[in-house]
Structure formats: C-alpha cells, structure tokens
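Colleague: Sharing structure.json below, JSON, C-alpha atoms and all ligand atoms:
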[["chain", "number", "residue", "atom", "x", "y", "z"],
["A", 815, "MET", "CA", 190.72, 77.47, 95.33],
["A", 816, "THR", "CA", 187.55, 79.41, 94.77],
["A", 817, "ASP", "CA", 185.52, 80.28, 97.82],
["A", 818, "THR", "CA", 181.90, 79.49, 96.99],
["A", 819, "GLY", "CA", 180.72, 80.13, 100.55],
["A", 820, "ASP", "CA", 178.36, 83.00, 100.02],
["A", 821, "LYS", "CA", 178.25, 83.50, 96.28],
["A", 822, "ARG", "CA", 174.63, 82.72, 95.57],
["A", 823, "LEU", "CA", 172.61, 84.46, 92.89],
["A", 824, "PHE", "CA", 168.92, 84.20, 92.11],
["A", 825, "LEU", "CA", 167.98, 84.51, 88.45],
["A", 826, "THR", "CA", 164.33, 85.40, 87.93],
["A", 827, "PHE", "CA", 162.48, 85.74, 84.62],
["A", 828, "ASP", "CA", 159.19, 87.60, 84.24],
["A", 829, "ASP", "CA", 156.38, 87.75, 81.67],
["A", 830, "GLY", "CA", 156.76, 84.29, 80.08],
["A", 831, "PRO", "CA", 156.55, 81.67, 79.02],
["A", 832, "SER", "CA", 157.27, 82.56, 75.41],
["A", 833, "ALA", "CA", 156.87, 79.75, 72.86],
["A", 834, "LEU", "CA", 159.83, 81.12, 70.92],
["A", 835, "TYR", "CA", 162.32, 82.21, 73.59],
["A", 836, "THR", "CA", 161.69, 80.27, 76.79],
["A", 837, "PRO", "CA", 162.79, 76.88, 75.33],
["A", 838, "GLN", "CA", 166.08, 78.46, 74.20],
["A", 839, "LEU", "CA", 166.57, 79.88, 77.67],
["A", 840, "LEU", "CA", 165.77, 76.52, 79.30],
["A", 841, "ASP", "CA", 168.32, 74.84, 77.01],
["A", 842, "LEU", "CA", 170.98, 77.32, 78.13],
["A", 843, "LEU", "CA", 170.15, 76.93, 81.82],
["A", 844, "ALA", "CA", 170.15, 73.12, 81.48],
["A", 845, "PHE", "CA", 173.53, 73.19, 79.72],
["A", 846, "HIS", "CA", 175.04, 74.97, 82.74],
["A", 847, "ASP", "CA", 172.87, 73.15, 85.29],
["A", 848, "VAL", "CA", 171.58, 76.51, 86.51],
["A", 849, "LYS", "CA", 168.19, 76.77, 88.26],
["A", 850, "ALA", "CA", 166.01, 79.87, 88.06],
["A", 851, "THR", "CA", 162.63, 81.20, 89.14],
["A", 852, "PHE", "CA", 160.03, 82.07, 86.50],
["A", 853, "PHE", "CA", 157.29, 84.57, 87.32],
["A", 854, "VAL", "CA", 154.86, 83.52, 84.65],
["A", 855, "LEU", "CA", 151.60, 84.84, 83.23],
["A", 856, "GLY", "CA", 148.46, 82.74, 83.62],
["A", 857, "GLU", "CA", 147.39, 83.29, 80.03],
["A", 858, "ALA", "CA", 150.79, 82.40, 78.56],
["A", 859, "SER", "CA", 150.96, 79.33, 80.83],
["A", 860, "ILE", "CA", 147.67, 78.01, 79.45],
["A", 861, "GLN", "CA", 149.00, 78.60, 75.92],
["A", 862, "ASN", "CA", 152.32, 76.84, 76.62],
["A", 863, "PRO", "CA", 151.66, 73.92, 78.99],
["A", 864, "ARG", "CA", 154.62, 71.91, 77.71],
["A", 865, "ILE", "CA", 157.00, 74.72, 78.67],
["A", 866, "ILE", "CA", 155.48, 74.99, 82.16],
["A", 867, "GLU", "CA", 155.83, 71.24, 82.59],
["A", 868, "ARG", "CA", 159.42, 71.43, 81.39],
["A", 869, "MET", "CA", 160.33, 74.24, 83.82],
["A", 870, "LEU", "CA", 159.01, 72.23, 86.73],
["A", 871, "SER", "CA", 160.48, 68.89, 85.69],
["A", 872, "GLU", "CA", 163.89, 70.53, 85.23],
["A", 873, "GLY", "CA", 163.89, 71.88, 88.78],
["A", 874, "HIS", "CA", 163.01, 75.52, 88.23],
["A", 875, "GLU", "CA", 160.66, 77.40, 90.53],
["A", 876, "LEU", "CA", 157.42, 78.90, 89.23],
["A", 877, "GLY", "CA", 155.97, 82.08, 90.67],
["A", 878, "VAL", "CA", 152.88, 84.17, 90.00],
["A", 879, "HIS", "CA", 153.19, 87.41, 88.01],
["A", 880, "ALA", "CA", 149.78, 88.25, 86.50],
["A", 881, "TYR", "CA", 147.12, 86.75, 84.28],
["A", 882, "ASP", "CA", 147.74, 88.86, 81.17],
["A", 883, "HIS", "CA", 149.78, 91.83, 82.50],
["A", 884, "ARG", "CA", 147.51, 94.36, 80.78],
["A", 885, "LYS", "CA", 146.27, 96.34, 83.75],
["A", 886, "SER", "CA", 148.20, 97.82, 86.65],
["A", 887, "VAL", "CA", 147.06, 97.12, 90.21],
["A", 888, "TRP", "CA", 146.81, 100.90, 90.54],
["A", 889, "ARG", "CA", 143.75, 100.70, 88.29],
["A", 890, "MET", "CA", 142.22, 97.56, 89.79],
["A", 891, "SER", "CA", 139.72, 97.07, 92.58],
["A", 892, "ARG", "CA", 140.63, 94.68, 95.34],
["A", 893, "GLU", "CA", 138.20, 92.11, 93.89],
["A", 894, "GLU", "CA", 139.69, 92.45, 90.43],
["A", 895, "PHE", "CA", 143.19, 91.97, 91.79],
["A", 896, "GLY", "CA", 142.16, 88.86, 93.76],
["A", 897, "ARG", "CA", 140.53, 87.43, 90.65],
["A", 898, "ASP", "CA", 143.71, 88.10, 88.64],
["A", 899, "LEU", "CA", 145.76, 86.14, 91.19],
["A", 900, "ASP", "CA", 143.26, 83.26, 91.23],
["A", 901, "ASP", "CA", 143.09, 83.10, 87.43],
["A", 902, "THR", "CA", 146.89, 83.06, 87.25],
["A", 903, "LEU", "CA", 147.15, 80.30, 89.86],
["A", 904, "ALA", "CA", 144.45, 78.31, 88.02],
["A", 905, "GLY", "CA", 146.29, 78.77, 84.71],
["A", 906, "ILE", "CA", 149.54, 77.53, 86.19],
["A", 907, "ALA", "CA", 147.80, 74.57, 87.84],
["A", 908, "ALA", "CA", 146.06, 73.63, 84.59],
["A", 909, "ALA", "CA", 149.29, 73.91, 82.59],
["A", 910, "SER", "CA", 151.28, 71.81, 85.06],
["A", 911, "GLY", "CA", 148.64, 69.09, 85.18],
["A", 912, "GLY", "CA", 148.19, 69.64, 88.91],
["A", 913, "GLU", "CA", 151.18, 67.42, 89.61],
["A", 914, "TYR", "CA", 153.32, 70.04, 91.32],
["A", 915, "PRO", "CA", 152.81, 72.05, 94.49],
["A", 916, "PRO", "CA", 151.32, 75.53, 93.91],
["A", 917, "PRO", "CA", 153.62, 78.56, 93.50],
["A", 918, "ARG", "CA", 155.03, 80.13, 96.66],
["A", 919, "PHE", "CA", 156.13, 83.50, 95.32],
["A", 920, "TYR", "CA", 154.54, 86.51, 93.68],
["A", 921, "ARG", "CA", 156.22, 89.31, 91.77],
["A", 922, "PRO", "CA", 154.13, 92.43, 91.21],
["A", 923, "PRO", "CA", 154.00, 93.63, 87.58],
["A", 924, "TRP", "CA", 156.07, 96.84, 87.26],
["A", 925, "GLY", "CA", 156.86, 96.39, 90.97],
["A", 926, "ARG", "CA", 153.56, 98.11, 91.80],
["A", 927, "THR", "CA", 151.68, 97.24, 94.95],
["A", 928, "ARG", "CA", 148.90, 98.59, 97.14],
["A", 929, "ALA", "CA", 147.95, 97.82, 100.72],
["A", 930, "PHE", "CA", 145.24, 95.42, 99.54],
["A", 931, "SER", "CA", 147.52, 93.65, 97.09],
["A", 932, "HIS", "CA", 149.89, 92.74, 99.92],
["A", 933, "ASP", "CA", 146.92, 91.29, 101.81],
["A", 934, "GLU", "CA", 145.51, 89.37, 98.84],
["A", 935, "VAL", "CA", 148.92, 87.91, 98.04],
["A", 936, "ALA", "CA", 149.47, 86.83, 101.67],
["A", 937, "MET", "CA", 145.95, 85.34, 101.88],
["A", 938, "ARG", "CA", 146.93, 82.94, 99.11],
["A", 939, "GLY", "CA", 150.08, 81.84, 100.88],
["A", 940, "LEU", "CA", 152.32, 83.72, 98.46],
["A", 941, "THR", "CA", 155.43, 85.69, 99.40],
["A", 942, "LEU", "CA", 155.95, 88.95, 97.52],
["A", 943, "VAL", "CA", 159.39, 89.21, 95.93],
["A", 944, "LYS", "CA", 160.77, 92.23, 94.13],
["A", 945, "TRP", "CA", 164.42, 92.31, 93.02],
["A", 946, "ASP", "CA", 167.86, 93.68, 93.82],
["A", 947, "VAL", "CA", 169.20, 94.04, 90.29],
["A", 948, "MET", "CA", 167.04, 95.06, 87.34],
["A", 949, "ALA", "CA", 168.66, 94.34, 83.98],
["A", 950, "GLN", "CA", 166.42, 96.80, 82.06],
["A", 951, "ASP", "CA", 166.45, 94.11, 79.38],
["A", 952, "TRP", "CA", 163.07, 95.17, 77.99],
["A", 953, "GLN", "CA", 164.32, 98.57, 76.86],
["A", 954, "ALA", "CA", 164.73, 99.32, 73.17],
["A", 955, "SER", "CA", 168.16, 100.88, 73.76],
["A", 956, "MET", "CA", 169.61, 97.76, 75.40],
["A", 957, "SER", "CA", 171.85, 95.28, 73.63],
["A", 958, "ALA", "CA", 173.08, 91.89, 74.83],
["A", 959, "ARG", "CA", 176.43, 93.49, 75.58],
["A", 960, "ARG", "CA", 174.90, 96.31, 77.62],
["A", 961, "ILE", "CA", 172.73, 93.91, 79.60],
["A", 962, "GLU", "CA", 175.81, 91.83, 80.34],
["A", 963, "ALA", "CA", 177.83, 94.88, 81.42],
["A", 964, "ARG", "CA", 175.02, 96.20, 83.60],
["A", 965, "LEU", "CA", 174.63, 92.89, 85.39],
["A", 966, "ARG", "CA", 178.36, 92.56, 85.93],
["A", 967, "ARG", "CA", 178.48, 96.00, 87.53],
["A", 968, "ARG", "CA", 175.52, 95.46, 89.79],
["A", 969, "ILE", "CA", 175.47, 91.89, 91.04],
["A", 970, "PHE", "CA", 176.55, 90.99, 94.55],
["A", 971, "PRO", "CA", 176.37, 87.75, 96.54],
["A", 972, "GLY", "CA", 172.74, 86.98, 97.37],
["A", 973, "ALA", "CA", 171.26, 89.28, 94.71],
["A", 974, "VAL", "CA", 167.86, 88.62, 93.13],
["A", 975, "ILE", "CA", 168.23, 89.46, 89.44],
["A", 976, "CYS", "CA", 165.21, 90.43, 87.35],
["A", 977, "LEU", "CA", 165.20, 89.49, 83.65],
["A", 978, "HIS", "CA", 162.45, 88.88, 81.10],
["A", 979, "ASP", "CA", 161.70, 85.92, 78.83],
["A", 980, "GLY", "CA", 158.27, 87.03, 77.68],
["A", 981, "ARG", "CA", 156.21, 89.64, 75.96],
["A", 982, "GLY", "CA", 157.15, 93.29, 75.96],
["A", 983, "ARG", "CA", 157.39, 96.42, 73.88],
["A", 984, "VAL", "CA", 160.44, 95.05, 72.06],
["A", 985, "PRO", "CA", 159.34, 91.66, 70.72],
["A", 986, "GLN", "CA", 162.87, 90.34, 70.18],
["A", 987, "ALA", "CA", 164.12, 91.53, 73.57],
["A", 988, "PRO", "CA", 164.41, 88.03, 75.11],
["A", 989, "ALA", "CA", 166.92, 87.09, 72.39],
["A", 990, "ARG", "CA", 169.26, 89.78, 73.77],
["A", 991, "THR", "CA", 168.69, 88.59, 77.32],
["A", 992, "ILE", "CA", 169.57, 85.01, 76.39],
["A", 993, "GLU", "CA", 172.62, 86.17, 74.44],
["A", 994, "SER", "CA", 173.88, 88.14, 77.44],
["A", 995, "LEU", "CA", 173.50, 85.07, 79.66],
["A", 996, "ARG", "CA", 175.37, 82.95, 77.14],
["A", 997, "HIS", "CA", 178.45, 85.03, 77.98],
["A", 998, "LEU", "CA", 177.73, 85.77, 81.60],
["A", 999, "LEU", "CA", 176.76, 82.36, 83.00],
["A", 1000, "PRO", "CA", 180.01, 80.49, 82.28],
["A", 1001, "ASP", "CA", 182.06, 83.44, 83.60],
["A", 1002, "LEU", "CA", 180.10, 83.76, 86.83],
["A", 1003, "LEU", "CA", 180.15, 80.00, 87.40],
["A", 1004, "TRP", "CA", 183.89, 80.06, 86.91],
["A", 1005, "GLU", "CA", 184.10, 82.87, 89.47],
["A", 1006, "GLY", "CA", 182.40, 80.59, 91.97],
["A", 1007, "TYR", "CA", 178.83, 81.89, 91.85],
["A", 1008, "ARG", "CA", 175.98, 79.43, 92.28],
["A", 1009, "PHE", "CA", 172.48, 79.98, 90.92],
["A", 1010, "GLU", "CA", 169.55, 78.93, 93.03],
["A", 1011, "THR", "CA", 165.79, 79.14, 93.01],
["A", 1012, "LEU", "CA", 164.13, 81.44, 95.54],
["B", 1101, "ZN", "ZN", 156.19, 91.90, 84.10]]
Would you mind giving the structure from this file in structure tokens?
Ligand SMILES: [Zn+2]

Modeller:
Amino acid sequence: MTDTGDKRLFLTFDDGPSALYTPQLLDLLAFHDVKATFFVLGEASIQNPRIIERMLSEGHELGVHAYDHRKSVWRMSREEFGRDLDDTLAGIAAASGGEYPPPRFYRPPWGRTRAFSHDEVAMRGLTLVKWDVMAQDWQASMSARRIEARLRRRIFPGAVICLHDGRGRVPQAPARTIESLRHLLPDLLWEGYRFETL
C-alpha cells in the first residue's frame, strides 16, 4: 500500500489567466481532480472573468500577483505599490462577481520584495508566499521534457511549486508547462502525492 501520509504538493501558477492556455490547464487539473493556487494579474482577470469564475467554482485558490506585471517593486514608491495591490484585488473581485472571499495570498513578481511591500501586503490581510521549487518554465531553452525532469529531481513532500500559465517572453511557454504536467500528474498521483491549495 502507498503511504500518502505526508506527500502533499502545492502547485502554483503565476501571471495568468491566459485566454488560450488557462482553460487547457483547468481541464487537465479537473481530469485528475487536482487543486492548485493561481497568482493572477488584475488586468488579465478583468479580461477573462469567465476563467476566474471557473477557477473559483472548481475549487482552486486565487492569489494576488500584480496588476499588469510591468514594473518591479524595486522601481515603485510605497504608494504605487499599494495602488497596484488594490487595483489587482479590485480586478479579481470584479471578475469573480464579488461572490467569493477575497484572496489570502500574495506572490511577489520575480520574488522581489522591499520592507514596505511586506507591510503593504500584511495591511491587506495577505500572506506573502514565495516557492520551494521553481520550474524555470518561462525560459526559452526549456522543453516540456526538461520541465518534467527538473520537477521530478526537485520536488519533496510539502513543496510549493512555481509554474506559469500566463504571459511571458516566450508566448507559447504555457503549452510546454501543460504538456509536462500531462506526464507528471498521473505519475505523481500514482506515487501517492496529493495536490492541495495553499
Ligand atoms: Zn510573475
């Protein structure tokens, strides 16, 4: 018998939703009854309300990433950063029709933070979450097979895994991410891993 005692994994997806890729990803997750956490953009949420609604109704967790992900916190004033968080929260609320509780988690774009960003995030009741395993799935040199191999090497029980379903320098990158999960998810489930939201 497989021991499932401690084998939890946390899939997280940043930079979406993407009208093209996120529905494919949600189909795959639904097929395996796997729940994930999506750190979405405010702008993309407003553009894709049906996808936001679908994520929530299918039991996924939504977190805050950024409004449009164009400017690093290193180049923002405290006021600008606070406004970015508020605009993102408002975008998510508008897209979800206000029917769901507000996000509880925040992932900093590029993992970058400052003293004031920690404060602004906490003031809004958000918990800052980075990651344990970065798939590097946005990189031009990555393939589905390499993403899969990298994740296999690096995961451990309890790991927070960072993947991307949205915009990036390589427009078709999410297709590789989804393809890697198509192989990886059934294997890991068979090995006794469970996938949970944060
Ligand atoms: Zn990002």

Colleague: Give the answer as one residue: which of A:Asp828, A:Glu993, A:Asp820, A:Asp951 has the shortest atom-to-atom distance to ligand ZN 1101 (chain B), using all atoms listed in the file?

Modeller: A:Asp828

Colleague: Taking 6 positions as the minimum chain separation for residues in the same chain, which residues sit within 12 Å of Met890 in chain A when counting all atoms listed in the file? Answer as an NGL selection string.

Modeller: :A and (883-884 or 896-898 or 926-928 or 930-931)

Colleague: Just the number, please: distance in Å from CA of Pro923 in chain A to CA of Asn862 in chain A, one decimal.

Modeller: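 Rounded to one decimal, the two atoms are 20.1 Å apart.
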
Colleague: Could you check how far CA of Thr1011 in chain A sits from CA of Trp888 in chain A, in Å to one decimal?

Modeller: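 Interatomic distance, CA of Thr1011 in chain A to CA of Trp888 in chain A: 29.0 Å.
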
Colleague: Would you please work out which residue, of A:Arg981, A:Arg892, A:Arg990, A:Arg1008, is nearest to His932 in chain A when using all atoms listed in the file?

Modeller: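 Nearest to His932 in chain A: A:Arg892.
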
Colleague: Can you build me a table of chain A residues sitting at most 10 Å from ligand ZN 1101 (chain B), with the closest atom pair per residue and its distance in Å to one decimal, using all atoms listed in the file, sorted by chain and residue number, as a tab-separated table?

Modeller:
residue	atom	partner	partner_atom	distance
A:Phe827	CA	B:ZN1101	ZN	8.8
A:Asp828	CA	B:ZN1101	ZN	5.2
A:Asp829	CA	B:ZN1101	ZN	4.8
A:Gly830	CA	B:ZN1101	ZN	8.6
A:Phe853	CA	B:ZN1101	ZN	8.1
A:Val854	CA	B:ZN1101	ZN	8.5
A:Leu855	CA	B:ZN1101	ZN	8.5
A:His879	CA	B:ZN1101	ZN	6.7
A:Ala880	CA	B:ZN1101	ZN	7.8
A:Asp882	CA	B:ZN1101	ZN	9.4
A:His883	CA	B:ZN1101	ZN	6.6
A:Arg884	CA	B:ZN1101	ZN	9.6
A:Arg921	CA	B:ZN1101	ZN	8.1
A:Pro922	CA	B:ZN1101	ZN	7.4
A:Pro923	CA	B:ZN1101	ZN	4.5
A:Trp924	CA	B:ZN1101	ZN	5.9
A:Gly925	CA	B:ZN1101	ZN	8.2
A:Trp952	CA	B:ZN1101	ZN	9.8
A:Cys976	CA	B:ZN1101	ZN	9.7
A:Leu977	CA	B:ZN1101	ZN	9.3
A:His978	CA	B:ZN1101	ZN	7.6
A:Asp979	CA	B:ZN1101	ZN	9.7
A:Gly980	CA	B:ZN1101	ZN	8.3
A:Arg981	CA	B:ZN1101	ZN	8.4
A:Gly982	CA	B:ZN1101	ZN	8.3

Colleague: With distances taken over only C-alpha atoms, which residue among A:Tyr1007, A:Arg968, A:Leu823, A:Leu995 lies nearest Asp841 in chain A?

Modeller: A:Leu995

Colleague: Complete range 937-958 of chain A at the level of N, CA and C atoms, written as a PDB file, in the coordinates of the input.

Modeller:
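The result, stored in result14.pdb:
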ATOM      1  N   MET A 937     147.092  86.233 101.659  1.00  0.00           N
ATOM      2  CA  MET A 937     145.950  85.340 101.880  1.00  0.00           C
ATOM      3  C   MET A 937     146.049  84.063 101.057  1.00  0.00           C
ATOM      4  N   ARG A 938     146.772  84.118  99.965  1.00  0.00           N
ATOM      5  CA  ARG A 938     146.930  82.940  99.110  1.00  0.00           C
ATOM      6  C   ARG A 938     148.237  82.197  99.391  1.00  0.00           C
ATOM      7  N   GLY A 939     148.865  82.548 100.486  1.00  0.00           N
ATOM      8  CA  GLY A 939     150.080  81.840 100.880  1.00  0.00           C
ATOM      9  C   GLY A 939     151.295  82.187 100.034  1.00  0.00           C
ATOM     10  N   LEU A 940     151.206  83.317  99.323  1.00  0.00           N
ATOM     11  CA  LEU A 940     152.320  83.720  98.460  1.00  0.00           C
ATOM     12  C   LEU A 940     153.193  84.754  99.162  1.00  0.00           C
ATOM     13  N   THR A 941     154.485  84.694  98.888  1.00  0.00           N
ATOM     14  CA  THR A 941     155.430  85.690  99.400  1.00  0.00           C
ATOM     15  C   THR A 941     155.788  86.644  98.275  1.00  0.00           C
ATOM     16  N   LEU A 942     155.653  87.936  98.538  1.00  0.00           N
ATOM     17  CA  LEU A 942     155.950  88.950  97.520  1.00  0.00           C
ATOM     18  C   LEU A 942     157.462  89.147  97.402  1.00  0.00           C
ATOM     19  N   VAL A 943     157.950  89.065  96.179  1.00  0.00           N
ATOM     20  CA  VAL A 943     159.390  89.210  95.930  1.00  0.00           C
ATOM     21  C   VAL A 943     159.611  90.271  94.859  1.00  0.00           C
ATOM     22  N   LYS A 944     160.372  91.281  95.171  1.00  0.00           N
ATOM     23  CA  LYS A 944     160.770  92.230  94.130  1.00  0.00           C
ATOM     24  C   LYS A 944     162.136  91.815  93.578  1.00  0.00           C
ATOM     25  N   TRP A 945     163.125  92.670  93.585  1.00  0.00           N
ATOM     26  CA  TRP A 945     164.420  92.310  93.020  1.00  0.00           C
ATOM     27  C   TRP A 945     165.472  93.235  93.597  1.00  0.00           C
ATOM     28  N   ASP A 946     166.728  92.824  93.443  1.00  0.00           N
ATOM     29  CA  ASP A 946     167.860  93.680  93.820  1.00  0.00           C
ATOM     30  C   ASP A 946     168.494  94.318  92.596  1.00  0.00           C
ATOM     31  N   VAL A 947     168.529  93.565  91.500  1.00  0.00           N
ATOM     32  CA  VAL A 947     169.200  94.040  90.290  1.00  0.00           C
ATOM     33  C   VAL A 947     168.220  93.919  89.128  1.00  0.00           C
ATOM     34  N   MET A 948     167.937  95.044  88.494  1.00  0.00           N
ATOM     35  CA  MET A 948     167.040  95.060  87.340  1.00  0.00           C
ATOM     36  C   MET A 948     167.905  95.244  86.088  1.00  0.00           C
ATOM     37  N   ALA A 949     167.792  94.300  85.159  1.00  0.00           N
ATOM     38  CA  ALA A 949     168.660  94.340  83.980  1.00  0.00           C
ATOM     39  C   ALA A 949     168.213  95.372  82.950  1.00  0.00           C
ATOM     40  N   GLN A 950     166.982  95.877  83.080  1.00  0.00           N
ATOM     41  CA  GLN A 950     166.420  96.800  82.060  1.00  0.00           C
ATOM     42  C   GLN A 950     166.426  96.156  80.680  1.00  0.00           C
ATOM     43  N   ASP A 951     166.275  94.829  80.650  1.00  0.00           N
ATOM     44  CA  ASP A 951     166.450  94.110  79.380  1.00  0.00           C
ATOM     45  C   ASP A 951     165.269  94.264  78.428  1.00  0.00           C
ATOM     46  N   TRP A 952     164.207  94.942  78.879  1.00  0.00           N
ATOM     47  CA  TRP A 952     163.070  95.170  77.990  1.00  0.00           C
ATOM     48  C   TRP A 952     163.246  96.434  77.153  1.00  0.00           C
ATOM     49  N   GLN A 953     164.212  97.268  77.507  1.00  0.00           N
ATOM     50  CA  GLN A 953     164.320  98.570  76.860  1.00  0.00           C
ATOM     51  C   GLN A 953     164.874  98.492  75.442  1.00  0.00           C
ATOM     52  N   ALA A 954     164.314  99.330  74.573  1.00  0.00           N
ATOM     53  CA  ALA A 954     164.730  99.320  73.170  1.00  0.00           C
ATOM     54  C   ALA A 954     166.221  99.609  73.023  1.00  0.00           C
ATOM     55  N   SER A 955     166.765 100.452  73.907  1.00  0.00           N
ATOM     56  CA  SER A 955     168.160 100.880  73.760  1.00  0.00           C
ATOM     57  C   SER A 955     169.155  99.826  74.249  1.00  0.00           C
ATOM     58  N   MET A 956     168.675  98.757  74.846  1.00  0.00           N
ATOM     59  CA  MET A 956     169.610  97.760  75.400  1.00  0.00           C
ATOM     60  C   MET A 956     170.083  96.806  74.303  1.00  0.00           C
ATOM     61  N   SER A 957     171.319  96.339  74.481  1.00  0.00           N
ATOM     62  CA  SER A 957     171.850  95.280  73.630  1.00  0.00           C
ATOM     63  C   SER A 957     172.297  94.166  74.565  1.00  0.00           C
ATOM     64  N   ALA A 958     172.601  93.006  73.998  1.00  0.00           N
ATOM     65  CA  ALA A 958     173.080  91.890  74.830  1.00  0.00           C
ATOM     66  C   ALA A 958     174.323  92.331  75.616  1.00  0.00           C
TER      67      ALA A 958
END
